[in-house]
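A.B. asks: Have a peek at target_38.txt (compact mmCIF, C-alpha atoms).
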```txt
# COMPACT_ATOMS: atom_id res chain seq x y z
CA MET A 1 12.01 19.58 11.60
CA PRO A 2 9.68 18.42 14.37
CA SER A 3 9.20 20.72 17.29
CA LEU A 4 10.44 19.92 20.78
CA LYS A 5 6.95 18.98 21.87
CA ASP A 6 6.52 16.55 18.98
CA LEU A 7 9.80 14.90 19.89
CA ARG A 8 8.78 14.60 23.52
CA ASN A 9 5.51 12.94 22.53
CA ARG A 10 7.31 10.63 20.17
CA ILE A 11 9.74 9.50 22.86
CA ALA A 12 6.91 8.88 25.28
CA SER A 13 5.05 6.72 22.78
CA VAL A 14 8.10 4.64 21.89
CA LYS A 15 8.73 4.13 25.59
CA ALA A 16 5.19 2.85 26.05
CA THR A 17 5.63 0.45 23.14
CA GLN A 18 8.88 -0.76 24.60
CA LYS A 19 7.14 -1.54 27.86
CA ILE A 20 4.56 -3.61 26.03
CA THR A 21 7.09 -5.61 24.03
CA LYS A 22 9.14 -6.17 27.16
CA ALA A 23 6.09 -7.53 28.96
CA MET A 24 5.21 -9.75 25.99
CA GLN A 25 8.72 -11.10 25.97
CA MET A 26 8.50 -12.03 29.62
CA VAL A 27 5.10 -13.64 29.18
CA ALA A 28 6.47 -15.63 26.25
CA ALA A 29 9.43 -16.75 28.34
CA ALA A 30 7.15 -18.05 31.06
CA LYS A 31 4.88 -19.77 28.56
CA LEU A 32 7.87 -21.23 26.77
CA ARG A 33 8.99 -22.92 29.95
CA ARG A 34 5.55 -24.44 30.42
CA ALA A 35 5.38 -25.55 26.79
CA GLN A 36 8.79 -27.13 27.03
CA GLU A 37 7.78 -29.01 30.14
CA ALA A 38 4.67 -30.28 28.41
CA ALA A 39 6.70 -31.40 25.42
CA GLU A 40 9.14 -33.17 27.69
CA ALA A 41 6.37 -34.88 29.67
CA ALA A 42 4.88 -36.22 26.46
CA ARG A 43 8.14 -37.70 25.27
CA PRO A 44 8.09 -41.05 27.18
CA TYR A 45 4.76 -41.98 25.65
CA SER A 46 5.78 -41.36 22.07
CA GLN A 47 9.10 -43.08 22.59
CA ARG A 48 7.50 -46.22 23.97
CA MET A 49 4.81 -46.07 21.34
CA GLY A 50 7.54 -46.04 18.72
CA ALA A 51 9.28 -49.03 20.28
CA VAL A 52 6.08 -51.06 20.56
CA LEU A 53 5.06 -50.16 17.06
CA ALA A 54 8.40 -51.22 15.66
CA ASN A 55 8.09 -54.53 17.48
CA ILE A 56 4.62 -55.29 16.32
CA ALA A 57 5.10 -54.06 12.78
CA ALA A 58 7.90 -56.58 12.43
CA ALA A 59 5.57 -59.34 13.57
CA VAL A 60 2.72 -58.52 11.20
CA SER A 61 3.37 -59.57 7.64
CA GLY A 62 2.68 -57.24 4.73
CA ASP A 63 -0.78 -58.49 3.81
CA ASP A 64 -2.29 -58.17 7.25
CA ALA A 65 -1.11 -54.62 7.74
CA PRO A 66 -3.97 -52.13 7.97
CA ALA A 67 -4.65 -49.68 5.18
CA LEU A 68 -3.45 -46.78 7.28
CA MET A 69 -0.01 -48.28 7.07
CA THR A 70 0.12 -49.55 3.52
CA GLY A 71 -1.80 -46.67 2.00
CA THR A 72 -4.34 -46.98 -0.76
CA GLY A 73 -1.74 -47.90 -3.31
CA LYS A 74 -2.35 -44.61 -5.07
CA ASP A 75 -0.70 -41.26 -4.85
CA ASP A 76 -3.26 -38.94 -6.43
CA VAL A 77 -4.94 -37.02 -3.67
CA HIS A 78 -2.81 -35.39 -1.03
CA LEU A 79 -4.09 -34.08 2.25
CA LEU A 80 -1.90 -31.50 3.92
CA VAL A 81 -2.40 -30.71 7.57
CA VAL A 82 -0.74 -27.39 8.23
CA ALA A 83 -0.31 -26.64 11.91
CA THR A 84 0.62 -23.09 12.84
CA ALA A 85 0.15 -20.74 15.76
CA GLU A 86 -3.06 -18.97 16.65
CA ARG A 87 -1.40 -15.62 17.10
CA GLY A 88 1.08 -13.49 15.25
CA LEU A 89 3.85 -11.30 16.62
CA CYS A 90 6.24 -14.21 16.64
CA GLY A 91 8.67 -13.30 13.90
CA GLY A 92 8.82 -15.58 10.89
CA PHE A 93 7.39 -18.57 12.72
CA ASN A 94 4.07 -18.85 10.92
CA SER A 95 5.28 -17.71 7.53
CA GLN A 96 8.10 -20.26 7.61
CA ILE A 97 5.67 -23.12 8.02
CA ALA A 98 3.33 -21.63 5.45
CA ARG A 99 6.16 -21.19 2.99
CA LEU A 100 7.20 -24.81 3.29
CA ALA A 101 3.60 -25.90 2.82
CA ARG A 102 3.16 -23.57 -0.14
CA ASP A 103 6.24 -24.91 -1.91
CA HIS A 104 4.97 -28.40 -1.32
CA ILE A 105 1.51 -27.56 -2.67
CA ARG A 106 2.96 -25.91 -5.77
CA ARG A 107 5.08 -28.97 -6.47
CA LEU A 108 2.14 -31.31 -6.04
CA LEU A 109 -0.10 -29.20 -8.25
CA ARG A 110 2.57 -29.09 -10.92
CA ASP A 111 2.71 -32.87 -10.86
CA GLY A 112 -1.03 -32.92 -11.48
CA LYS A 113 -2.05 -34.17 -8.04
CA THR A 114 -5.14 -33.10 -6.19
CA VAL A 115 -4.44 -31.22 -2.99
CA LYS A 116 -6.66 -30.76 0.01
CA ILE A 117 -5.68 -28.68 3.00
CA ILE A 118 -6.68 -28.72 6.62
CA THR A 119 -5.30 -25.83 8.60
CA VAL A 120 -4.79 -26.03 12.32
CA GLY A 121 -4.33 -22.58 13.78
CA LYS A 122 -5.64 -19.28 12.56
CA LYS A 123 -2.47 -17.79 11.17
CA GLY A 124 -1.71 -20.60 8.75
CA ASN A 125 -5.22 -20.33 7.44
CA ASP A 126 -4.87 -16.57 6.96
CA ILE A 127 -1.70 -17.00 4.94
CA LEU A 128 -2.71 -19.99 2.83
CA ARG A 129 -6.18 -18.60 2.14
CA ARG A 130 -4.62 -15.94 -0.06
CA ASP A 131 -3.31 -18.43 -2.60
CA PHE A 132 -5.23 -21.64 -2.10
CA ALA A 133 -8.63 -20.66 -0.73
CA LYS A 134 -10.35 -23.31 -2.83
CA LEU A 135 -8.16 -26.13 -1.59
CA ILE A 136 -8.83 -25.62 2.10
CA ILE A 137 -11.42 -28.15 3.14
CA GLU A 138 -11.44 -27.46 6.81
CA ARG A 139 -9.92 -25.14 9.34
CA ILE A 140 -9.43 -26.05 12.94
CA GLU A 141 -8.85 -23.36 15.52
CA LEU A 142 -7.46 -23.99 18.94
CA ARG A 143 -7.85 -20.43 20.11
CA GLU A 144 -9.94 -21.32 23.14
CA VAL A 145 -7.51 -24.03 24.20
CA LYS A 146 -5.08 -22.72 26.77
CA GLN A 147 -2.84 -25.75 26.98
CA VAL A 148 -2.92 -28.20 24.11
CA GLY A 149 -4.15 -31.53 25.43
CA PHE A 150 -4.16 -34.97 23.94
CA VAL A 151 -7.91 -34.69 23.37
CA ASN A 152 -7.34 -31.87 20.88
CA ALA A 153 -4.82 -33.90 18.94
CA ASP A 154 -7.02 -36.96 19.12
CA ALA A 155 -9.97 -35.07 17.66
CA ILE A 156 -7.85 -33.91 14.72
CA ALA A 157 -6.46 -37.41 14.19
CA ARG A 158 -9.94 -38.87 14.24
CA ASN A 159 -11.08 -36.35 11.70
CA ILE A 160 -8.21 -37.36 9.44
CA THR A 161 -8.65 -41.11 9.78
CA GLN A 162 -12.35 -40.77 9.08
CA ARG A 163 -11.62 -38.90 5.90
CA PHE A 164 -9.10 -41.57 5.00
CA ALA A 165 -11.64 -44.32 5.62
CA ALA A 166 -14.07 -42.47 3.37
CA GLY A 167 -11.42 -42.50 0.65
CA GLU A 168 -11.02 -38.75 0.50
CA PHE A 169 -7.26 -38.85 0.12
CA ASP A 170 -4.30 -41.17 -0.41
CA VAL A 171 -1.42 -39.48 1.31
CA CYS A 172 -1.45 -37.28 4.36
CA THR A 173 1.41 -34.97 5.31
CA LEU A 174 1.69 -32.96 8.47
CA PHE A 175 3.41 -29.58 8.52
CA TYR A 176 4.69 -28.16 11.75
CA SER A 177 7.74 -26.52 13.20
CA GLU A 178 10.25 -28.55 15.07
CA PHE A 179 11.53 -26.91 18.21
CA LYS A 180 15.30 -27.01 18.04
CA SER A 181 16.06 -24.18 20.44
CA VAL A 182 14.67 -20.83 21.46
CA ILE A 183 16.23 -19.15 18.46
CA SER A 184 15.78 -21.87 15.89
CA GLN A 185 12.59 -23.60 14.84
CA ILE A 186 12.75 -25.77 11.78
CA PRO A 187 9.63 -26.11 9.66
CA THR A 188 9.11 -29.79 8.99
CA ALA A 189 6.93 -31.91 6.75
CA GLN A 190 6.10 -35.36 8.03
CA GLN A 191 4.13 -38.00 6.24
CA ILE A 192 1.65 -39.63 8.60
CA ILE A 193 -0.49 -41.69 6.23
CA PRO A 194 0.60 -44.17 5.01
CA ALA A 195 2.57 -44.47 8.21
CA SER A 196 6.14 -45.46 7.77
CA ALA A 197 7.04 -48.18 10.24
CA PRO A 198 9.94 -47.25 12.45
CA VAL A 199 13.08 -49.21 11.76
CA VAL A 200 13.59 -52.08 14.15
CA PRO A 201 17.00 -52.49 15.63
CA THR A 202 18.08 -56.01 14.71
CA ALA A 203 18.59 -57.08 18.31
CA ASP A 204 14.88 -56.65 19.02
CA VAL A 205 13.65 -58.90 16.25
CA SER A 206 14.27 -62.08 18.20
CA ALA A 207 12.39 -60.65 21.16
CA SER A 208 9.37 -59.77 19.06
CA SER A 209 8.99 -63.27 17.71
CA ILE A 210 8.27 -64.69 21.15
CA TYR A 211 5.59 -62.14 21.95
CA GLU A 212 2.10 -63.31 22.53
CA TYR A 213 -0.61 -61.04 21.21
CA GLU A 214 -3.98 -60.59 22.73
CA PRO A 215 -6.12 -60.33 20.59
CA ASP A 216 -3.95 -61.05 17.54
CA ALA A 217 -1.15 -58.87 16.27
CA GLY A 218 -3.09 -57.56 13.29
CA GLN A 219 -5.89 -56.30 15.47
CA ILE A 220 -3.56 -54.64 17.91
CA LEU A 221 -1.77 -53.01 15.04
CA SER A 222 -4.96 -51.67 13.54
CA ASP A 223 -5.78 -50.25 16.95
CA LEU A 224 -2.31 -48.87 17.38
CA ILE A 225 -1.84 -47.05 14.09
CA PRO A 226 -4.66 -44.51 14.56
CA ARG A 227 -3.42 -43.96 18.08
CA ASN A 228 0.04 -43.38 16.74
CA ILE A 229 -1.32 -40.75 14.39
CA SER A 230 -2.87 -38.98 17.36
CA VAL A 231 0.45 -39.12 19.15
CA GLN A 232 2.30 -37.71 16.15
CA ILE A 233 -0.14 -34.84 15.87
CA PHE A 234 0.01 -34.25 19.60
CA ARG A 235 3.77 -34.09 19.42
CA ALA A 236 3.59 -31.69 16.49
CA LEU A 237 1.19 -29.43 18.37
CA LEU A 238 3.41 -29.39 21.42
CA GLU A 239 6.50 -28.67 19.37
CA ASN A 240 4.60 -25.89 17.68
CA ALA A 241 3.50 -24.41 20.99
CA ALA A 242 7.05 -24.39 22.28
CA GLY A 243 8.37 -23.05 18.98
CA GLU A 244 5.80 -20.29 18.85
CA MET A 245 6.75 -19.08 22.28
CA GLY A 246 10.45 -19.30 21.48
CA ALA A 247 9.96 -17.31 18.29
CA LYS A 248 7.79 -14.78 20.09
CA MET A 249 10.40 -14.35 22.76
CA THR A 250 13.12 -13.68 20.21
CA ALA A 251 10.91 -11.35 18.19
CA MET A 252 9.89 -9.38 21.24
CA ASP A 253 13.46 -9.19 22.45
CA ASN A 254 14.42 -7.67 19.11
CA ALA A 255 11.51 -5.27 19.29
CA THR A 256 12.48 -4.15 22.76
CA ARG A 257 16.04 -3.57 21.64
CA ASN A 258 14.92 -1.64 18.56
CA ALA A 259 12.70 0.53 20.72
CA GLY A 260 15.68 1.23 22.98
CA ASP A 261 17.80 2.29 19.99
CA MET A 262 15.04 4.49 18.73
CA ILE A 263 14.62 6.16 22.10
CA SER A 264 18.31 7.00 22.35
CA LYS A 265 18.31 8.39 18.80
CA LEU A 266 15.25 10.49 19.48
CA THR A 267 16.72 11.71 22.76
CA ILE A 268 19.87 12.87 20.98
CA THR A 269 17.83 14.74 18.40
CA TYR A 270 15.74 16.25 21.16
CA ASN A 271 18.77 17.44 23.13
CA ARG A 272 20.46 18.79 20.06
CA GLN A 273 17.43 20.76 19.07
CA ARG A 274 16.95 22.15 22.55
CA GLN A 275 20.59 23.25 22.57
CA ALA A 276 20.16 24.86 19.16
CA GLN A 277 17.22 26.78 20.43
CA ILE A 278 19.10 28.02 23.48
CA THR A 279 22.05 29.05 21.32
CA LYS A 280 19.71 30.88 19.00
CA GLU A 281 18.15 32.77 21.86
CA LEU A 282 21.58 33.71 23.22
CA ILE A 283 22.68 35.00 19.84
CA GLU A 284 19.53 37.07 19.66
CA ILE A 285 20.23 38.62 23.07
CA ILE A 286 23.90 39.28 22.31
CA SER A 287 23.23 40.80 18.88
CA GLY A 288 20.46 42.86 20.46
CA ALA A 289 22.93 44.18 23.09
CA GLU A 290 25.57 44.97 20.43
CA ALA A 291 23.10 46.98 18.42
CA LEU A 292 22.61 49.39 21.28
CA MET B 1 8.19 -61.51 49.53
CA ALA B 2 7.22 -61.53 45.95
CA GLN B 3 9.71 -60.50 43.32
CA SER B 4 9.31 -57.01 41.97
CA PHE B 5 9.49 -55.72 38.43
CA LYS B 6 9.48 -52.34 36.77
CA PHE B 7 6.05 -50.96 36.06
CA GLU B 8 5.37 -47.83 34.04
CA LEU B 9 2.06 -46.14 33.41
CA VAL B 10 2.29 -43.54 30.68
CA SER B 11 -0.37 -41.29 29.25
CA PRO B 12 0.28 -39.04 26.26
CA GLU B 13 0.49 -36.04 28.55
CA ARG B 14 2.87 -37.39 31.13
CA LEU B 15 4.51 -40.31 32.87
CA LEU B 16 2.22 -41.19 35.77
CA VAL B 17 3.98 -44.07 37.45
CA SER B 18 7.45 -45.43 37.13
CA ALA B 19 8.10 -47.73 40.05
CA GLN B 20 8.93 -51.23 41.20
CA ALA B 21 5.77 -53.26 41.58
CA GLU B 22 4.90 -56.73 42.77
CA ALA B 23 1.73 -57.24 40.85
CA VAL B 24 -0.39 -55.25 38.44
CA VAL B 25 -3.97 -56.04 37.48
CA ILE B 26 -4.68 -54.92 33.93
CA PRO B 27 -8.14 -54.71 32.36
CA ALA B 28 -7.18 -56.35 29.06
CA THR B 29 -9.75 -56.52 26.30
CA GLU B 30 -9.93 -60.29 26.61
CA GLY B 31 -10.40 -60.20 30.36
CA GLU B 32 -8.54 -58.98 33.40
CA MET B 33 -5.04 -60.24 33.90
CA THR B 34 -2.53 -59.99 36.71
CA VAL B 35 1.04 -59.35 35.74
CA MET B 36 3.82 -60.40 38.08
CA ALA B 37 7.57 -60.60 37.66
CA ASN B 38 8.90 -62.88 34.89
CA HIS B 39 5.64 -62.84 32.99
CA ALA B 40 5.84 -64.19 29.45
CA PRO B 41 6.04 -61.41 26.81
CA VAL B 42 2.53 -60.34 25.93
CA MET B 43 1.15 -57.39 24.11
CA THR B 44 -2.47 -56.62 24.67
CA THR B 45 -4.97 -53.86 24.19
CA ILE B 46 -6.83 -52.66 27.25
CA LYS B 47 -10.38 -51.54 27.78
CA PRO B 48 -11.60 -48.77 30.06
CA GLY B 49 -11.22 -50.01 33.61
CA VAL B 50 -9.22 -49.90 36.77
CA VAL B 51 -5.53 -50.76 36.98
CA ALA B 52 -4.50 -51.90 40.44
CA VAL B 53 -0.78 -51.65 41.13
CA THR B 54 0.70 -53.40 44.15
CA LEU B 55 3.94 -51.55 44.81
CA SER B 56 6.95 -53.32 46.33
CA GLY B 57 6.06 -51.93 49.76
CA GLY B 58 2.68 -53.64 49.59
CA LYS B 59 0.82 -50.39 48.99
CA VAL B 60 -1.94 -50.64 46.41
CA ASP B 61 -2.56 -47.80 43.98
CA ARG B 62 -5.52 -47.68 41.68
CA TYR B 63 -5.77 -45.82 38.40
CA VAL B 64 -8.64 -45.45 36.03
CA VAL B 65 -7.58 -45.88 32.42
CA PHE B 66 -9.56 -45.27 29.26
CA GLY B 67 -8.25 -47.62 26.65
CA GLY B 68 -4.71 -48.11 25.46
CA PHE B 69 -2.40 -51.07 25.43
CA ALA B 70 0.13 -52.88 27.55
CA ASP B 71 3.54 -54.17 26.67
CA ILE B 72 4.57 -56.91 29.06
CA LEU B 73 8.06 -58.34 29.25
CA PRO B 74 9.67 -60.64 31.84
CA GLU B 75 11.60 -57.72 33.30
CA GLY B 76 8.93 -55.06 33.17
CA CYS B 77 5.53 -53.88 32.11
CA THR B 78 4.66 -50.69 30.28
CA LEU B 79 1.09 -49.54 30.12
CA LEU B 80 0.36 -46.95 27.48
CA ALA B 81 -2.99 -45.49 28.37
CA GLU B 82 -4.93 -43.10 26.20
CA SER B 83 -5.88 -41.29 29.35
CA ALA B 84 -5.23 -42.23 32.96
CA ILE B 85 -6.32 -40.71 36.25
CA HIS B 86 -5.69 -41.72 39.83
CA VAL B 87 -8.83 -43.21 41.26
CA ASP B 88 -9.05 -40.55 43.98
CA GLU B 89 -9.08 -37.79 41.42
CA ILE B 90 -11.77 -39.12 39.18
CA ASP B 91 -15.14 -37.47 39.29
CA ARG B 92 -18.57 -38.39 38.17
CA ALA B 93 -18.89 -35.53 35.71
CA ASP B 94 -15.81 -36.59 33.81
CA ILE B 95 -17.08 -40.09 33.20
CA ALA B 96 -20.52 -38.79 32.36
CA ARG B 97 -18.92 -36.53 29.78
CA ARG B 98 -17.00 -39.43 28.25
CA ILE B 99 -20.14 -41.52 28.10
CA LYS B 100 -21.94 -38.71 26.35
CA ALA B 101 -19.11 -38.41 23.84
CA ALA B 102 -19.20 -42.17 23.24
CA GLN B 103 -22.96 -41.99 22.74
CA GLU B 104 -22.48 -39.28 20.14
CA ASP B 105 -19.82 -41.36 18.42
CA LEU B 106 -22.28 -44.22 18.31
CA ASN B 107 -24.94 -42.05 16.75
CA ASP B 108 -22.48 -40.67 14.23
CA SER B 109 -20.99 -43.99 13.21
CA VAL B 110 -21.92 -44.93 9.69
CA ASP B 111 -20.73 -48.42 8.92
CA HIS B 112 -21.44 -51.57 10.83
CA HIS B 113 -17.91 -52.11 12.03
CA ALA B 114 -17.55 -48.66 13.58
CA ARG B 115 -20.95 -49.07 15.19
CA THR B 116 -20.00 -52.31 16.90
CA LYS B 117 -16.82 -50.74 18.12
CA ALA B 118 -18.57 -47.67 19.50
CA GLU B 119 -21.21 -49.80 21.17
CA GLU B 120 -18.57 -51.93 22.80
CA TYR B 121 -16.71 -48.90 24.09
CA LEU B 122 -19.89 -47.38 25.45
CA GLY B 123 -20.73 -50.62 27.24
CA GLN B 124 -17.29 -50.75 28.83
CA LEU B 125 -17.59 -47.17 29.99
CA THR B 126 -20.98 -47.74 31.57
CA THR B 127 -19.69 -50.81 33.39
CA LEU B 128 -16.79 -48.75 34.63
CA GLN B 129 -19.12 -46.04 35.84
CA GLY B 130 -21.08 -48.57 37.82
CA ALA B 131 -17.95 -50.18 39.21
CA ILE B 132 -16.01 -47.24 40.55
CA LEU B 133 -18.78 -44.94 41.61
CA PRO B 134 -20.57 -46.92 44.27
CA ALA B 135 -22.75 -44.14 45.52
```
As structure tokens - that is how I would like this structure written.

C.D. replies:
Amino acid sequence: MPSLKDLRNRIASVKATQKITKAMQMVAAAKLRRAQEAAEAARPYSQRMGAVLANIAAAVSGDDAPALMTGTGKDDVHLLVVATAERGLCGGFNSQIARLARDHIRRLLRDGKTVKIITVGKKGNDILRRDFAKLIIERIELREVKQVGFVNADAIARNITQRFAAGEFDVCTLFYSEFKSVISQIPTAQQIIPASAPVVPTADVSASSIYEYEPDAGQILSDLIPRNISVQIFRALLENAAGEMGAKMTAMDNATRNAGDMISKLTITYNRQRQAQITKELIEIISGAEAL
Amino acid sequence: MAQSFKFELVSPERLLVSAQAEAVVIPATEGEMTVMANHAPVMTTIKPGVVAVTLSGGKVDRYVVFGGFADILPEGCTLLAESAIHVDEIDRADIARRIKAAQEDLNDSVDHHARTKAEEYLGQLTTLQGAILPA
């Protein structure tokens, strides 16, 4: 049985922890709002990019399409880009993404494919390093970046397209967490190379045929596809940033509540023990008086 | 008064302009072009340069864009820029930094095709630097 002093110390320390988790929750809430705004601001660009791409992809016939779109025709070497958060303390956020990636890797390895991994974010690297240290060819950290910008995404995309041009892989899949709501983030795998052309609504086909292209459609498309990859990665990073903050908020909310429960339990024990001690002392006095 | 059409300037980070415009000058890769209402549908890539937007009120706004492409339709024009800044907010250091990055790209480029591309981009940037920073 811990002494009264031990209990007092214990309560004080849990209270301090609760203050920290509470503060972290509020910071996460503020950051979440900013991340959500950023994700929303980026939406028009990716939407219009999708529309334009659908238009132009319909105009370019199969043979002219750039390699980034058609792929190498093989399916042997897979590059997985696993984007996670830089920091922990956000519940199952990172491990969810890592688990999805790990299942995917296992399946590919079982099928006899070669797997290469690029990790974006420290946590994903920490988790995947345990099982697949040899497969990780590069790790990108965005720790110094306060707000993910398009330049960061563009640099990653460039890195990937260069590797593709050098024939290092055939298929590239991006792993990230889709931000559904504050309490639910869905880990997602998205194939970015070869890029799947968005489906064109039939009404737009007639419009695309009268387009003039400057320079020609094929060239625009080959300019557009790498840019689209950057946009996809940018979107993934933004979704991740929002998801991380959402997950952190929920995790810290839980932690704060747990700390509260623990404090009330400890306080009850403390009071009970103090009462027991008083009772004991009283009994001692009374029995002492009776003995006289 | 000239007819107006919907003009949108979008960068990956945000929507910069969404307004009715009378005319927009776009630095297309094949030369500058002015877009007005009821323009034939054109899709073009753009090079680093200045986009001048004449809004319906007659006010002219200038933006510096660094590559991207434009989707022009009779009823509107959407400019998807890789990066866009209002001309008042641009600073010398930023362009200098981009030029340096382009130079590094050029030095890093391995095959002939990439080299030509990088050289072209660098040239466009330097022209831009000369054009918008008079002193």

A.B. asks: Which residue gives the smallest distance to chain A among B:Lys47, B:Lys59, B:His86, B:Arg14, with all atoms listed in the file counted?

C.D. replies: B:Arg14

A.B. asks: Could you check how far atom CA of A:Pro187 sits from atom CA of A:Leu174, in Å to one decimal?

C.D. replies: 10.6 Å

A.B. asks: Using all atoms listed in the file, find each residue in chain A having at least one atom no more than 9 Å away from chain B; report its shortest atom-to-atom pair and that distance in Å (one decimal), rows by chain then rising number, as a tab-separated table.

C.D. replies:
```
residue	atom	partner	partner_atom	distance
A:Ala38	CA	B:Glu13	CA	7.1
A:Ala39	CA	B:Glu13	CA	8.4
A:Glu40	CA	B:Arg14	CA	8.3
A:Ala41	CA	B:Arg14	CA	4.5
A:Ala42	CA	B:Glu13	CA	4.9
A:Arg43	CA	B:Arg14	CA	7.9
A:Pro44	CA	B:Leu15	CA	6.8
A:Tyr45	CA	B:Pro12	CA	5.4
A:Ser46	CA	B:Pro12	CA	7.3
A:Arg48	CA	B:Leu80	CA	8.0
A:Met49	CA	B:Leu80	CA	7.6
A:Val52	CA	B:Asp71	CA	7.3
A:Ile56	CA	B:Met43	CA	8.8
A:Gly149	CA	B:Glu13	CA	7.2
A:Phe150	CA	B:Pro12	CA	6.5
A:Ala207	CA	B:Pro41	CA	8.5
A:Ser208	CA	B:Pro41	CA	8.6
A:Ile210	CA	B:Pro41	CA	6.9
A:Tyr211	CA	B:Pro41	CA	4.9
A:Glu212	CA	B:Val42	CA	4.5
A:Tyr213	CA	B:Met43	CA	5.0
A:Glu214	CA	B:Thr44	CA	4.7
A:Pro215	CA	B:Thr44	CA	6.6
A:Asp216	CA	B:Thr44	CA	8.5
A:Ala217	CA	B:Met43	CA	8.3
A:Ile220	CA	B:Thr45	CA	6.5
A:Asp223	CA	B:Thr45	CA	8.1
A:Leu224	CA	B:Phe69	CA	8.3
A:Arg227	CA	B:Glu82	CA	8.3
A:Val231	CA	B:Pro12	CA	7.1
A:Phe234	CA	B:Pro12	CA	8.2
```

A.B. asks: For A:Asn240, list every protein, DNA or RNA residue within 8 Å, evaluated using all atoms listed in the file, and leave out those in the same chain fewer than 3 positions away; present the list as a list in words.

C.D. replies: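 Near neighbours after the sequence-gap exclusion: Ala83, Thr84, Ala85, Tyr176, Ser177, Glu178, Phe179, Ala236, Leu237, Gly243 and Glu244 of chain A.
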
A.B. asks: Could you jot down the atom CA of A:Lys122 to atom CA of A:Asn94 separation for me, Å, one decimal place?

C.D. replies: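 The value is 9.9 Å.
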
A.B. asks: Let me make sure I understand: among B:Glu32, B:Glu8, B:Glu104, B:Glu119, which one has the smallest atom-to-atom distance to B:Gly49 if we use all atoms listed in the file?

C.D. replies: B:Glu32

A.B. asks: Got a sec: who's within 8 Å of B:Leu122, counting all atoms listed in the file, leaving out chain neighbours fewer than 3 positions off, as a PyMOL selection string?

C.D. replies: chain B and resi 99+102-103+118-119+125-126

A.B. asks: If you count all atoms listed in the file, which residues fall within 12 Å of A:Lys74, apart from same-chain ones fewer than 2 positions away, as a PyMOL selection string?

C.D. replies: chain A and resi 67+70-72+76-78+113-114+167-172+193-194

A.B. asks: Please produce a file of the residues just selected, as a tab-separated table (two decimals), in the coordinates of the input, where the atoms kept are C-alpha atoms.

C.D. replies:
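Writing done, so here's again-v4.tsv:
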```tsv
chain	number	residue	atom	x	y	z
A	67	ALA	CA	-4.65	-49.68	5.18
A	70	THR	CA	0.12	-49.55	3.52
A	71	GLY	CA	-1.80	-46.67	2.00
A	72	THR	CA	-4.34	-46.98	-0.76
A	76	ASP	CA	-3.26	-38.94	-6.43
A	77	VAL	CA	-4.94	-37.02	-3.67
A	78	HIS	CA	-2.81	-35.39	-1.03
A	113	LYS	CA	-2.05	-34.17	-8.04
A	114	THR	CA	-5.14	-33.10	-6.19
A	167	GLY	CA	-11.42	-42.50	0.65
A	168	GLU	CA	-11.02	-38.75	0.50
A	169	PHE	CA	-7.26	-38.85	0.12
A	170	ASP	CA	-4.30	-41.17	-0.41
A	171	VAL	CA	-1.42	-39.48	1.31
A	172	CYS	CA	-1.45	-37.28	4.36
A	193	ILE	CA	-0.49	-41.69	6.23
A	194	PRO	CA	0.60	-44.17	5.01
```

A.B. asks: Using all atoms listed in the file, find the one residue out of A:Asp75, A:Met262, A:Val60, A:Gln25 that sits nearest to A:Ala12.

C.D. replies: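 That would be A:Met262, the residue with the smallest distance to A:Ala12.
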
A.B. asks: Contacts of B:Val64 at 8 Å or less, counting only C-alpha atoms, minus same-chain residues fewer than 5 places along, as a list in words?

C.D. replies: Pro48, Gly49, Val50, Val51, Ala84, Ile85, His86, Val87 and Ile90 of chain B

A.B. asks: Please compute the atom CA of A:Met26-atom CA of A:Gln185 distance, one decimal, in Å.

C.D. replies: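 Between these atoms lies a distance of 19.2 Å.
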
A.B. asks: Counting all atoms listed in the file, which of A:Gln191, A:Gln277, A:Ser181, A:Thr256 gets nearest to A:Gln232?

C.D. replies: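 Checking each candidate against A:Gln232, we get A:Gln191 as the closest.
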
A.B. asks: For A:Thr173, please output as a VMD selection string all residues within 7 Å (counting all atoms listed in the file; exclusion window: fewer than 4 positions along the same chain).

C.D. replies: chain A and resid 79 to 81 189 to 192
